[in-house]
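Novice: This is model-v1.cif, which holds mmCIF, C-alpha atoms:
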```
data_data
#
loop_
_atom_site.group_PDB
_atom_site.id
_atom_site.type_symbol
_atom_site.label_atom_id
_atom_site.label_comp_id
_atom_site.auth_asym_id
_atom_site.auth_seq_id
_atom_site.Cartn_x
_atom_site.Cartn_y
_atom_site.Cartn_z
ATOM 1 C CA MET A 1 -37.308 0.877 -64.712
ATOM 2 C CA PRO A 2 -33.521 0.468 -64.621
ATOM 3 C CA ALA A 3 -32.028 -2.898 -65.360
ATOM 4 C CA ASN A 4 -30.985 -3.422 -61.775
ATOM 5 C CA GLY A 5 -34.598 -3.196 -60.621
ATOM 6 C CA LYS A 6 -34.067 -0.161 -58.393
ATOM 7 C CA PRO A 7 -36.094 2.789 -59.699
ATOM 8 C CA GLY A 8 -34.269 6.070 -59.394
ATOM 9 C CA ALA A 9 -30.895 4.549 -58.519
ATOM 10 C CA ASP A 10 -29.333 5.667 -61.812
ATOM 11 C CA CYS A 11 -30.635 9.203 -61.267
ATOM 12 C CA ILE A 12 -29.111 9.313 -57.787
ATOM 13 C CA VAL A 13 -25.737 8.128 -59.095
ATOM 14 C CA LEU A 14 -25.828 10.699 -61.912
ATOM 15 C CA LEU A 15 -26.731 13.477 -59.472
ATOM 16 C CA SER A 16 -23.857 12.443 -57.191
ATOM 17 C CA ILE A 17 -21.405 12.577 -60.110
ATOM 18 C CA LEU A 18 -22.615 16.047 -61.089
ATOM 19 C CA ILE A 19 -22.268 17.246 -57.483
ATOM 20 C CA LEU A 20 -18.718 15.914 -57.243
ATOM 21 C CA LEU A 21 -17.748 17.517 -60.565
ATOM 22 C CA ALA A 22 -19.193 20.851 -59.498
ATOM 23 C CA ALA A 23 -17.498 20.614 -56.099
ATOM 24 C CA GLY A 24 -14.176 19.932 -57.831
ATOM 25 C CA ASP A 25 -14.728 22.990 -60.017
ATOM 26 C CA LEU A 26 -15.361 25.110 -56.921
ATOM 27 C CA LEU A 27 -12.280 23.871 -55.069
ATOM 28 C CA SER A 28 -10.036 24.325 -58.105
ATOM 29 C CA HIS A 29 -11.478 27.792 -58.847
ATOM 30 C CA GLY A 30 -12.692 26.718 -62.258
ATOM 31 C CA ALA A 31 -15.308 28.569 -64.266
ATOM 32 C CA LEU A 32 -18.070 28.173 -61.675
ATOM 33 C CA GLY A 33 -15.760 28.657 -58.701
ATOM 34 C CA THR A 34 -14.273 31.846 -60.165
ATOM 35 C CA TRP A 35 -17.734 33.209 -60.839
ATOM 36 C CA ILE A 36 -18.928 32.549 -57.275
ATOM 37 C CA ALA A 37 -15.770 33.904 -55.634
ATOM 38 C CA GLY A 38 -15.482 36.911 -57.972
ATOM 39 C CA ASP A 39 -16.592 40.436 -57.282
ATOM 40 C CA GLY A 40 -19.212 40.542 -60.038
ATOM 41 C CA PRO A 41 -22.947 40.425 -59.348
ATOM 42 C CA LYS A 42 -24.323 36.985 -58.586
ATOM 43 C CA PRO A 43 -27.639 35.608 -57.271
ATOM 44 C CA PRO A 44 -27.383 35.229 -53.446
ATOM 45 C CA PHE A 45 -29.458 32.050 -53.484
ATOM 46 C CA LEU A 46 -26.627 30.206 -55.257
ATOM 47 C CA GLN A 47 -24.554 30.063 -52.097
ATOM 48 C CA TYR A 48 -27.536 28.674 -50.223
ATOM 49 C CA CYS A 49 -28.003 26.011 -52.911
ATOM 50 C CA TRP A 50 -24.405 24.839 -52.532
ATOM 51 C CA ALA A 51 -24.520 24.927 -48.738
ATOM 52 C CA ILE A 52 -27.708 22.856 -48.710
ATOM 53 C CA VAL A 53 -26.255 20.365 -51.208
ATOM 54 C CA LEU A 54 -23.197 19.919 -48.997
ATOM 55 C CA GLY A 55 -25.548 19.429 -46.045
ATOM 56 C CA PHE A 56 -27.363 16.721 -48.013
ATOM 57 C CA LEU A 57 -24.047 14.963 -48.648
ATOM 58 C CA VAL A 58 -23.150 15.082 -44.948
ATOM 59 C CA GLY A 59 -26.528 13.557 -44.081
ATOM 60 C CA PHE A 60 -26.121 10.815 -46.669
ATOM 61 C CA ALA A 61 -22.592 10.073 -45.412
ATOM 62 C CA GLU A 62 -24.003 9.555 -41.910
ATOM 63 C CA LEU A 63 -26.590 7.115 -43.289
ATOM 64 C CA VAL A 64 -23.801 5.219 -45.063
ATOM 65 C CA SER A 65 -21.929 4.888 -41.772
ATOM 66 C CA ARG A 66 -25.036 3.550 -40.009
ATOM 67 C CA TYR A 67 -26.426 1.253 -42.729
ATOM 68 C CA ARG A 68 -23.506 -0.261 -44.584
ATOM 69 C CA ASP A 69 -25.463 -2.955 -46.418
ATOM 70 C CA GLU A 70 -27.850 -0.789 -48.494
ATOM 71 C CA PRO A 71 -27.245 2.947 -47.910
ATOM 72 C CA TRP A 72 -28.807 3.937 -51.274
ATOM 73 C CA ARG A 73 -32.025 2.126 -50.426
ATOM 74 C CA VAL A 74 -32.185 3.620 -46.930
ATOM 75 C CA ALA A 75 -31.602 7.087 -48.383
ATOM 76 C CA ARG A 76 -34.747 6.696 -50.536
ATOM 77 C CA LEU A 77 -36.999 5.727 -47.615
ATOM 78 C CA PRO A 78 -39.120 8.585 -46.178
ATOM 79 C CA PRO A 79 -37.219 8.628 -42.847
ATOM 80 C CA GLY A 80 -33.917 8.662 -44.706
ATOM 81 C CA LEU A 81 -35.062 11.553 -46.895
ATOM 82 C CA ILE A 82 -36.171 13.457 -43.785
ATOM 83 C CA PHE A 83 -32.788 12.813 -42.175
ATOM 84 C CA ILE A 84 -30.921 14.101 -45.237
ATOM 85 C CA GLY A 85 -33.346 17.034 -45.522
ATOM 86 C CA LEU A 86 -32.693 18.070 -41.912
ATOM 87 C CA ASN A 87 -28.979 18.170 -42.611
ATOM 88 C CA GLY A 88 -29.544 20.341 -45.668
ATOM 89 C CA LEU A 89 -31.858 22.660 -43.725
ATOM 90 C CA ALA A 90 -29.268 22.987 -40.949
ATOM 91 C CA ALA A 91 -26.645 23.966 -43.529
ATOM 92 C CA GLY A 92 -28.927 26.660 -44.957
ATOM 93 C CA VAL A 93 -29.650 28.048 -41.499
ATOM 94 C CA ALA A 94 -25.943 27.997 -40.645
ATOM 95 C CA LEU A 95 -25.101 29.983 -43.787
ATOM 96 C CA PHE A 96 -27.802 32.532 -42.920
ATOM 97 C CA LEU A 97 -26.403 32.987 -39.401
ATOM 98 C CA LEU A 98 -22.853 33.293 -40.704
ATOM 99 C CA GLN A 99 -23.962 36.040 -43.078
ATOM 100 C CA VAL A 100 -26.026 37.896 -40.474
ATOM 101 C CA PHE A 101 -23.448 37.631 -37.647
ATOM 102 C CA PRO A 102 -20.088 37.408 -39.456
ATOM 103 C CA ALA A 103 -18.045 39.037 -36.679
ATOM 104 C CA GLU A 104 -19.643 37.157 -33.799
ATOM 105 C CA LEU A 105 -19.291 33.770 -35.540
ATOM 106 C CA HIS A 106 -15.887 34.527 -37.098
ATOM 107 C CA ALA A 107 -17.228 33.838 -40.574
ATOM 108 C CA PRO A 108 -14.626 33.597 -43.378
ATOM 109 C CA SER A 109 -14.702 36.401 -45.918
ATOM 110 C CA ASN A 110 -14.171 34.109 -48.901
ATOM 111 C CA PRO A 111 -17.613 33.060 -50.258
ATOM 112 C CA VAL A 112 -16.428 29.559 -51.173
ATOM 113 C CA LEU A 113 -15.028 28.939 -47.689
ATOM 114 C CA LEU A 114 -18.206 30.383 -46.190
ATOM 115 C CA VAL A 115 -20.325 27.880 -48.107
ATOM 116 C CA MET A 116 -18.052 24.997 -47.129
ATOM 117 C CA VAL A 117 -18.086 25.949 -43.451
ATOM 118 C CA ALA A 118 -21.882 26.166 -43.493
ATOM 119 C CA GLY A 119 -22.320 22.930 -45.446
ATOM 120 C CA PHE A 120 -19.863 20.735 -43.586
ATOM 121 C CA GLY A 121 -19.978 22.344 -40.156
ATOM 122 C CA ALA A 122 -23.697 22.980 -39.725
ATOM 123 C CA MET A 123 -24.469 19.763 -37.883
ATOM 124 C CA VAL A 124 -21.512 20.275 -35.543
ATOM 125 C CA VAL A 125 -22.849 23.691 -34.560
ATOM 126 C CA VAL A 126 -26.453 22.540 -34.287
ATOM 127 C CA ARG A 127 -25.407 19.613 -32.091
ATOM 128 C CA THR A 128 -23.688 21.958 -29.650
ATOM 129 C CA LYS A 129 -24.911 21.638 -26.055
ATOM 130 C CA LEU A 130 -25.282 25.037 -24.411
ATOM 131 C CA LEU A 131 -25.289 23.538 -20.925
ATOM 132 C CA THR A 132 -25.999 20.265 -19.106
ATOM 133 C CA VAL A 133 -28.550 20.058 -16.284
ATOM 134 C CA HIS A 134 -27.782 17.424 -13.628
ATOM 135 C CA GLN A 135 -30.897 15.724 -12.273
ATOM 136 C CA PRO A 136 -31.138 14.345 -8.692
ATOM 137 C CA GLY A 137 -31.374 10.772 -9.972
ATOM 138 C CA GLY A 138 -28.086 11.064 -11.806
ATOM 139 C CA THR A 139 -29.594 11.712 -15.229
ATOM 140 C CA ASP A 140 -28.028 14.518 -17.271
ATOM 141 C CA ILE A 141 -30.162 16.548 -19.692
ATOM 142 C CA ALA A 142 -28.464 18.531 -22.454
ATOM 143 C CA VAL A 143 -30.046 21.942 -22.971
ATOM 144 C CA GLY A 144 -29.791 23.507 -26.408
ATOM 145 C CA PRO A 145 -30.532 22.704 -30.055
ATOM 146 C CA ALA A 146 -28.680 19.395 -29.692
ATOM 147 C CA PHE A 147 -31.505 17.991 -27.520
ATOM 148 C CA LEU A 148 -34.178 18.702 -30.142
ATOM 149 C CA LEU A 149 -32.038 17.488 -33.041
ATOM 150 C CA ASP A 150 -30.850 14.319 -31.307
ATOM 151 C CA THR A 151 -34.429 13.448 -30.348
ATOM 152 C CA MET A 152 -35.633 13.868 -33.925
ATOM 153 C CA LEU A 153 -32.684 11.965 -35.407
ATOM 154 C CA ALA A 154 -33.131 9.129 -32.906
ATOM 155 C CA ALA A 155 -36.805 8.792 -33.920
ATOM 156 C CA ILE A 156 -35.896 8.829 -37.615
ATOM 157 C CA ASN A 157 -33.110 6.312 -37.016
ATOM 158 C CA ARG A 158 -35.507 3.918 -35.253
ATOM 159 C CA ASP A 159 -38.018 4.234 -38.099
ATOM 160 C CA VAL A 160 -35.360 3.496 -40.736
ATOM 161 C CA ASP A 161 -34.086 0.565 -38.686
ATOM 162 C CA ARG A 162 -37.577 -0.940 -38.358
ATOM 163 C CA ARG A 163 -38.281 -0.669 -42.085
ATOM 164 C CA ARG A 164 -34.917 -2.132 -42.974
ATOM 165 C CA ALA A 165 -35.322 -4.916 -40.391
ATOM 166 C CA LEU A 166 -38.525 -6.094 -42.091
ATOM 167 C CA GLN A 167 -36.760 -6.332 -45.438
ATOM 168 C CA ARG A 168 -33.702 -8.051 -43.977
ATOM 169 C CA THR A 169 -35.760 -10.566 -41.975
ATOM 170 C CA ALA A 170 -37.806 -11.641 -44.996
ATOM 171 C CA ARG A 171 -34.756 -11.974 -47.266
ATOM 172 C CA VAL A 172 -32.539 -13.897 -44.844
ATOM 173 C CA ALA A 173 -35.365 -16.182 -43.607
ATOM 174 C CA ALA A 174 -36.256 -17.155 -47.169
ATOM 175 C CA ARG A 175 -32.642 -18.015 -47.983
ATOM 176 C CA ALA A 176 -32.135 -19.956 -44.749
ATOM 177 C CA ALA A 177 -35.309 -21.970 -45.450
ATOM 178 C CA GLU A 178 -33.866 -23.042 -48.832
ATOM 179 C CA LEU A 179 -30.912 -24.628 -46.979
ATOM 180 C CA ARG A 180 -32.882 -26.396 -44.245
ATOM 181 C CA ILE A 181 -31.901 -29.881 -45.484
ATOM 182 C CA TYR A 182 -28.174 -29.116 -45.335
ATOM 183 C CA LYS A 183 -25.682 -28.970 -42.481
ATOM 184 C CA TYR A 184 -24.049 -25.678 -41.651
ATOM 185 C CA SER A 185 -20.802 -27.511 -40.903
ATOM 186 C CA ASP A 186 -20.638 -28.404 -44.615
ATOM 187 C CA ALA A 187 -21.219 -24.797 -45.673
ATOM 188 C CA TYR A 188 -19.242 -22.442 -43.458
ATOM 189 C CA ASN A 189 -15.908 -23.037 -45.238
ATOM 190 C CA PHE A 190 -17.561 -21.977 -48.509
ATOM 191 C CA LEU A 191 -18.944 -18.832 -46.869
ATOM 192 C CA ILE A 192 -15.505 -17.952 -45.494
ATOM 193 C CA ALA A 193 -13.941 -18.553 -48.910
ATOM 194 C CA SER A 194 -16.529 -16.240 -50.493
ATOM 195 C CA LEU A 195 -15.057 -13.310 -48.566
ATOM 196 C CA ALA A 196 -12.125 -13.381 -50.982
ATOM 197 C CA ALA A 197 -14.470 -12.243 -53.762
ATOM 198 C CA PHE A 198 -14.454 -8.735 -52.266
ATOM 199 C CA GLN A 199 -11.148 -7.124 -53.180
ATOM 200 C CA SER A 200 -11.582 -3.929 -51.169
ATOM 201 C CA MET A 201 -13.060 -5.404 -47.985
ATOM 202 C CA ASP A 202 -11.291 -4.177 -44.873
ATOM 203 C CA SER A 203 -9.046 -6.922 -43.483
ATOM 204 C CA GLU A 204 -10.359 -6.370 -39.937
ATOM 205 C CA ILE A 205 -13.971 -6.729 -41.100
ATOM 206 C CA ALA A 206 -13.108 -9.904 -43.038
ATOM 207 C CA LYS A 207 -11.322 -11.325 -39.993
ATOM 208 C CA ASN A 208 -14.233 -10.629 -37.646
ATOM 209 C CA LEU A 209 -16.808 -11.998 -40.092
ATOM 210 C CA SER A 210 -14.756 -15.151 -40.623
ATOM 211 C CA ALA A 211 -14.549 -15.616 -36.846
ATOM 212 C CA GLN A 212 -18.331 -15.231 -36.520
ATOM 213 C CA LEU A 213 -18.936 -17.862 -39.199
ATOM 214 C CA GLN A 214 -16.555 -20.320 -37.526
ATOM 215 C CA LEU A 215 -17.989 -19.673 -34.070
ATOM 216 C CA LEU A 216 -21.307 -21.249 -35.100
ATOM 217 C CA VAL A 217 -19.460 -24.561 -35.572
ATOM 218 C CA HIS A 218 -16.771 -24.551 -32.916
ATOM 219 C CA ASP A 219 -18.469 -22.837 -29.967
ATOM 220 C CA GLU A 220 -19.832 -25.382 -27.501
ATOM 221 C CA THR A 221 -22.972 -23.344 -26.802
ATOM 222 C CA MET A 222 -23.861 -22.899 -30.468
ATOM 223 C CA LYS A 223 -23.208 -26.472 -31.577
ATOM 224 C CA ALA A 224 -26.662 -27.538 -30.382
ATOM 225 C CA MET A 225 -28.429 -24.913 -32.511
ATOM 226 C CA PRO A 226 -30.498 -26.151 -35.466
ATOM 227 C CA ASP A 227 -28.628 -25.761 -38.757
ATOM 228 C CA GLN A 228 -31.328 -23.550 -40.229
ATOM 229 C CA LEU A 229 -30.878 -21.133 -37.320
ATOM 230 C CA LYS A 230 -27.123 -21.121 -37.936
ATOM 231 C CA PHE A 231 -27.731 -20.256 -41.597
ATOM 232 C CA LEU A 232 -30.038 -17.474 -40.391
ATOM 233 C CA ILE A 233 -27.405 -15.988 -38.063
ATOM 234 C CA ALA A 234 -24.686 -16.270 -40.710
ATOM 235 C CA GLY A 235 -27.018 -14.681 -43.245
ATOM 236 C CA TYR A 236 -27.535 -11.547 -41.159
ATOM 237 C CA SER A 237 -23.784 -11.118 -40.705
ATOM 238 C CA ILE A 238 -23.124 -11.511 -44.427
ATOM 239 C CA LEU A 239 -26.015 -9.274 -45.467
ATOM 240 C CA THR A 240 -24.764 -6.454 -43.242
ATOM 241 C CA GLU A 241 -21.377 -6.402 -44.966
ATOM 242 C CA PHE A 242 -22.302 -7.485 -48.502
ATOM 243 C CA GLY A 243 -25.652 -5.843 -49.228
ATOM 244 C CA ASP A 244 -28.754 -7.384 -50.810
ATOM 245 C CA GLN A 245 -27.508 -8.328 -54.274
ATOM 246 C CA ALA A 246 -24.150 -9.712 -53.178
ATOM 247 C CA PHE A 247 -25.840 -11.605 -50.322
ATOM 248 C CA ASP A 248 -28.231 -13.250 -52.781
ATOM 249 C CA GLY A 249 -25.320 -14.158 -55.036
ATOM 250 C CA VAL A 250 -23.359 -15.751 -52.185
ATOM 251 C CA PHE A 251 -26.313 -17.835 -50.964
ATOM 252 C CA THR A 252 -27.258 -18.886 -54.500
ATOM 253 C CA SER A 253 -23.692 -20.105 -55.044
ATOM 254 C CA LEU A 254 -23.742 -21.768 -51.615
ATOM 255 C CA LYS A 255 -26.897 -23.710 -52.458
ATOM 256 C CA ALA A 256 -25.373 -24.869 -55.757
ATOM 257 C CA TYR A 257 -22.217 -25.887 -53.885
ATOM 258 C CA LEU A 258 -24.197 -27.958 -51.356
ATOM 259 C CA GLU A 259 -26.259 -29.546 -54.111
ATOM 260 C CA GLY A 260 -23.073 -30.603 -55.835
ATOM 261 C CA THR A 261 -23.807 -28.694 -59.041
ATOM 262 C CA VAL A 262 -20.518 -26.794 -58.701
ATOM 263 C CA GLN A 263 -17.109 -28.353 -58.122
ATOM 264 C CA ARG A 264 -16.149 -28.575 -54.468
ATOM 265 C CA PRO A 265 -12.715 -27.234 -53.518
ATOM 266 C CA THR A 266 -10.175 -29.906 -52.684
#
```
Rewrite the structure of this file - the entire thing - as structure tokens.
Specialist:
Amino acid sequence: MPANGKPGADCIVLLSILILLAAGDLLSHGALGTWIAGDGPKPPFLQYCWAIVLGFLVGFAELVSRYRDEPWRVARLPPGLIFIGLNGLAAGVALFLLQVFPAELHAPSNPVLLVMVAGFGAMVVVRTKLLTVHQPGGTDIAVGPAFLLDTMLAAINRDVDRRRALQRTARVAARAAELRIYKYSDAYNFLIASLAAFQSMDSEIAKNLSAQLQLLVHDETMKAMPDQLKFLIAGYSILTEFGDQAFDGVFTSLKAYLEGTVQRPT
């Protein structure tokens, strides 16, 4: 097991590095790119492999945008793997259609561009709505492959969200329980100061998170909340932006700060 306690994480990182290196070789027409784009004989399945890999990357990128705290962990869950697999399958199907109907679909003649169009543009094509049916009650139904895909992705998204919610609830509740004897009003300045530890955090995200942490103290409606509940709410906000390991580090340092085992800022 890797030192960080996440089996397979190192393999995923290594695979990502290899994919990026190979993609750079393709774009720069290096040894592999020249071979694929050349006129010499080449196995046709190779283009499908690259298109599917690009589809996988597009699927993973969408998971990252939805689950910012632990995208690697979500990607290893069965629903996440299905989601990524669907994107790869769509890319393979798109490449097949581009090769079978090149004139109708205006497929590029360059093999490298063809693979990139199939890999990066597959989900855009699959999500296309052929037409929209207007129901008497005012409900619109999209007819086409987008309806089937969106239904499947919505089900997968709910499954991932439920699994992740169980993990998040247990982690944040345990940390909030450790701080039940302390006042949130004595802790929120430390939590706000901890945002400075993240050098690349978007300034808008840091501003909004800081405002959320202060709101639990200054808002008249939230003042009456139990302190443990305030720690719980703050914990969810921090976990979403920081991820599991950084969240644990922040709350461990917070507990030491409240216990007086670390020097308080003046």
Novice: In Å, how far is it from atom CA of Ala118 of chain A to atom CA of Ala91 of chain A?
Specialist: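 Distance between the two atoms: 5.2 Å.
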Novice: Return the single residue from A:Asp150, A:Arg171, A:Val124, A:Asn110 that is closest to Gly243 of chain A, with distances computed using all atoms listed in the file.
Specialist: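 Under the stated criterion, the closest residue is A:Arg171.
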Novice: Just the number, please: distance in Å from atom CA of Ala234 of chain A to atom CA of Arg66 of chain A, one decimal.
Specialist: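 Separation of atom CA of Ala234 of chain A and atom CA of Arg66 of chain A: 19.8 Å.
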Novice: Please identify all polymer residues within 12 Å of Leu239 of chain A, counting all atoms listed in the file, omitting same-chain residues fewer than 2 positions from it, and present them as a PDB file with C-alpha atoms, keeping the file's coordinate frame.
Specialist:
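The new file selection.pdb reads:
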```pdb
ATOM      1  CA  TYR A  67     -26.426   1.253 -42.729  1.00  0.00           C
ATOM      2  CA  ARG A  68     -23.506  -0.261 -44.584  1.00  0.00           C
ATOM      3  CA  ASP A  69     -25.463  -2.955 -46.418  1.00  0.00           C
ATOM      4  CA  GLU A  70     -27.850  -0.789 -48.494  1.00  0.00           C
ATOM      5  CA  ARG A 164     -34.917  -2.132 -42.974  1.00  0.00           C
ATOM      6  CA  ALA A 165     -35.322  -4.916 -40.391  1.00  0.00           C
ATOM      7  CA  GLN A 167     -36.760  -6.332 -45.438  1.00  0.00           C
ATOM      8  CA  ARG A 168     -33.702  -8.051 -43.977  1.00  0.00           C
ATOM      9  CA  THR A 169     -35.760 -10.566 -41.975  1.00  0.00           C
ATOM     10  CA  ARG A 171     -34.756 -11.974 -47.266  1.00  0.00           C
ATOM     11  CA  VAL A 172     -32.539 -13.897 -44.844  1.00  0.00           C
ATOM     12  CA  ALA A 173     -35.365 -16.182 -43.607  1.00  0.00           C
ATOM     13  CA  ARG A 175     -32.642 -18.015 -47.983  1.00  0.00           C
ATOM     14  CA  LEU A 191     -18.944 -18.832 -46.869  1.00  0.00           C
ATOM     15  CA  LEU A 209     -16.808 -11.998 -40.092  1.00  0.00           C
ATOM     16  CA  PHE A 231     -27.731 -20.256 -41.597  1.00  0.00           C
ATOM     17  CA  LEU A 232     -30.038 -17.474 -40.391  1.00  0.00           C
ATOM     18  CA  ILE A 233     -27.405 -15.988 -38.063  1.00  0.00           C
ATOM     19  CA  ALA A 234     -24.686 -16.270 -40.710  1.00  0.00           C
ATOM     20  CA  GLY A 235     -27.018 -14.681 -43.245  1.00  0.00           C
ATOM     21  CA  TYR A 236     -27.535 -11.547 -41.159  1.00  0.00           C
ATOM     22  CA  SER A 237     -23.784 -11.118 -40.705  1.00  0.00           C
ATOM     23  CA  GLU A 241     -21.377  -6.402 -44.966  1.00  0.00           C
ATOM     24  CA  PHE A 242     -22.302  -7.485 -48.502  1.00  0.00           C
ATOM     25  CA  GLY A 243     -25.652  -5.843 -49.228  1.00  0.00           C
ATOM     26  CA  ASP A 244     -28.754  -7.384 -50.810  1.00  0.00           C
ATOM     27  CA  GLN A 245     -27.508  -8.328 -54.274  1.00  0.00           C
ATOM     28  CA  ALA A 246     -24.150  -9.712 -53.178  1.00  0.00           C
ATOM     29  CA  PHE A 247     -25.840 -11.605 -50.322  1.00  0.00           C
ATOM     30  CA  ASP A 248     -28.231 -13.250 -52.781  1.00  0.00           C
ATOM     31  CA  GLY A 249     -25.320 -14.158 -55.036  1.00  0.00           C
ATOM     32  CA  VAL A 250     -23.359 -15.751 -52.185  1.00  0.00           C
ATOM     33  CA  PHE A 251     -26.313 -17.835 -50.964  1.00  0.00           C
TER      34      PHE A 251
END
```
Novice: Go ahead and compute the interatomic distance for atom CA of Arg180 of chain A and atom CA of Met201 of chain A, in Å to one decimal.
Specialist: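 It comes out at 29.1 Å.
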Novice: Find the residues around segment 62-65 of chain A up to 12 Å (only C-alpha atoms counted), leave out those fewer than 3 positions away in its own chain, and share them as a compact mmCIF listing (two decimals) with C-alpha atoms, keeping the file's coordinate frame.
Specialist:
```txt
# COMPACT_ATOMS: atom_id res chain seq x y z
CA GLY A 55 -25.55 19.43 -46.04
CA PHE A 56 -27.36 16.72 -48.01
CA LEU A 57 -24.05 14.96 -48.65
CA VAL A 58 -23.15 15.08 -44.95
CA GLY A 59 -26.53 13.56 -44.08
CA ARG A 68 -23.51 -0.26 -44.58
CA ASP A 69 -25.46 -2.96 -46.42
CA GLU A 70 -27.85 -0.79 -48.49
CA PRO A 71 -27.24 2.95 -47.91
CA TRP A 72 -28.81 3.94 -51.27
CA ARG A 73 -32.02 2.13 -50.43
CA VAL A 74 -32.18 3.62 -46.93
CA ALA A 75 -31.60 7.09 -48.38
CA ARG A 76 -34.75 6.70 -50.54
CA LEU A 77 -37.00 5.73 -47.62
CA PRO A 79 -37.22 8.63 -42.85
CA GLY A 80 -33.92 8.66 -44.71
CA LEU A 81 -35.06 11.55 -46.90
CA ILE A 82 -36.17 13.46 -43.78
CA PHE A 83 -32.79 12.81 -42.18
CA ILE A 84 -30.92 14.10 -45.24
CA ASN A 87 -28.98 18.17 -42.61
CA MET A 123 -24.47 19.76 -37.88
CA LEU A 153 -32.68 11.96 -35.41
CA ILE A 156 -35.90 8.83 -37.62
CA ASN A 157 -33.11 6.31 -37.02
CA VAL A 160 -35.36 3.50 -40.74
CA ASP A 161 -34.09 0.56 -38.69
CA THR A 240 -24.76 -6.45 -43.24
CA GLU A 241 -21.38 -6.40 -44.97
CA GLY A 243 -25.65 -5.84 -49.23
```
Novice: To test your reading of the syntax: which residues would the PyMOL selection byres ((chain A and resi 97) around 12) return for the file shown? Reply as JSON, numbers by chain.
Specialist: {"A": [48, 90, 91, 92, 93, 94, 95, 96, 98, 99, 100, 101, 102, 103, 104, 105, 106, 107, 114, 115, 117, 118, 122, 125, 126]}
Novice: Write out as number ranges by chain each polymer residue whose atoms come within 10 Å of Val217 of chain A, counting only C-alpha atoms; drop sequence neighbours fewer than 2 positions from it.
Specialist: A: 184-186, 188, 212-215, 219-225, 227, 230
Novice: Extending 5 Å beyond the listed atoms of segment 79-91 of chain A on each side, what axis-aligned box results? I want centre and edge lengths in Å to one decimal, as AutoDock Vina command-line options.
Specialist:
```
--center_x -31.9 --center_y 16.3 --center_z -43.9 --size_x 20.6 --size_y 25.3 --size_z 15.9
```
Novice: Taking all atoms listed in the file into account, name the residue in A:Met116, A:Pro78, A:Arg163, A:Phe190 that is nearest to Ile52 of chain A.
Specialist: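 Checking each candidate against Ile52 of chain A, we get A:Met116 as the closest.
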Novice: Nearest to Tyr257 of chain A among A:Ala187, A:Asn208, A:His218, A:Glu178, with distances taken over all atoms listed in the file: which residue is it?
Specialist: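 Closest candidate: A:Ala187.
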Novice: I need the residue nearest Leu216 of chain A from this list: A:Leu89, A:Gly121, A:Asn189, A:Ala196. Use all atoms listed in the file for the distance.
Specialist: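 Looking only at the distances to Leu216 of chain A, the closest residue turns out to be A:Asn189.
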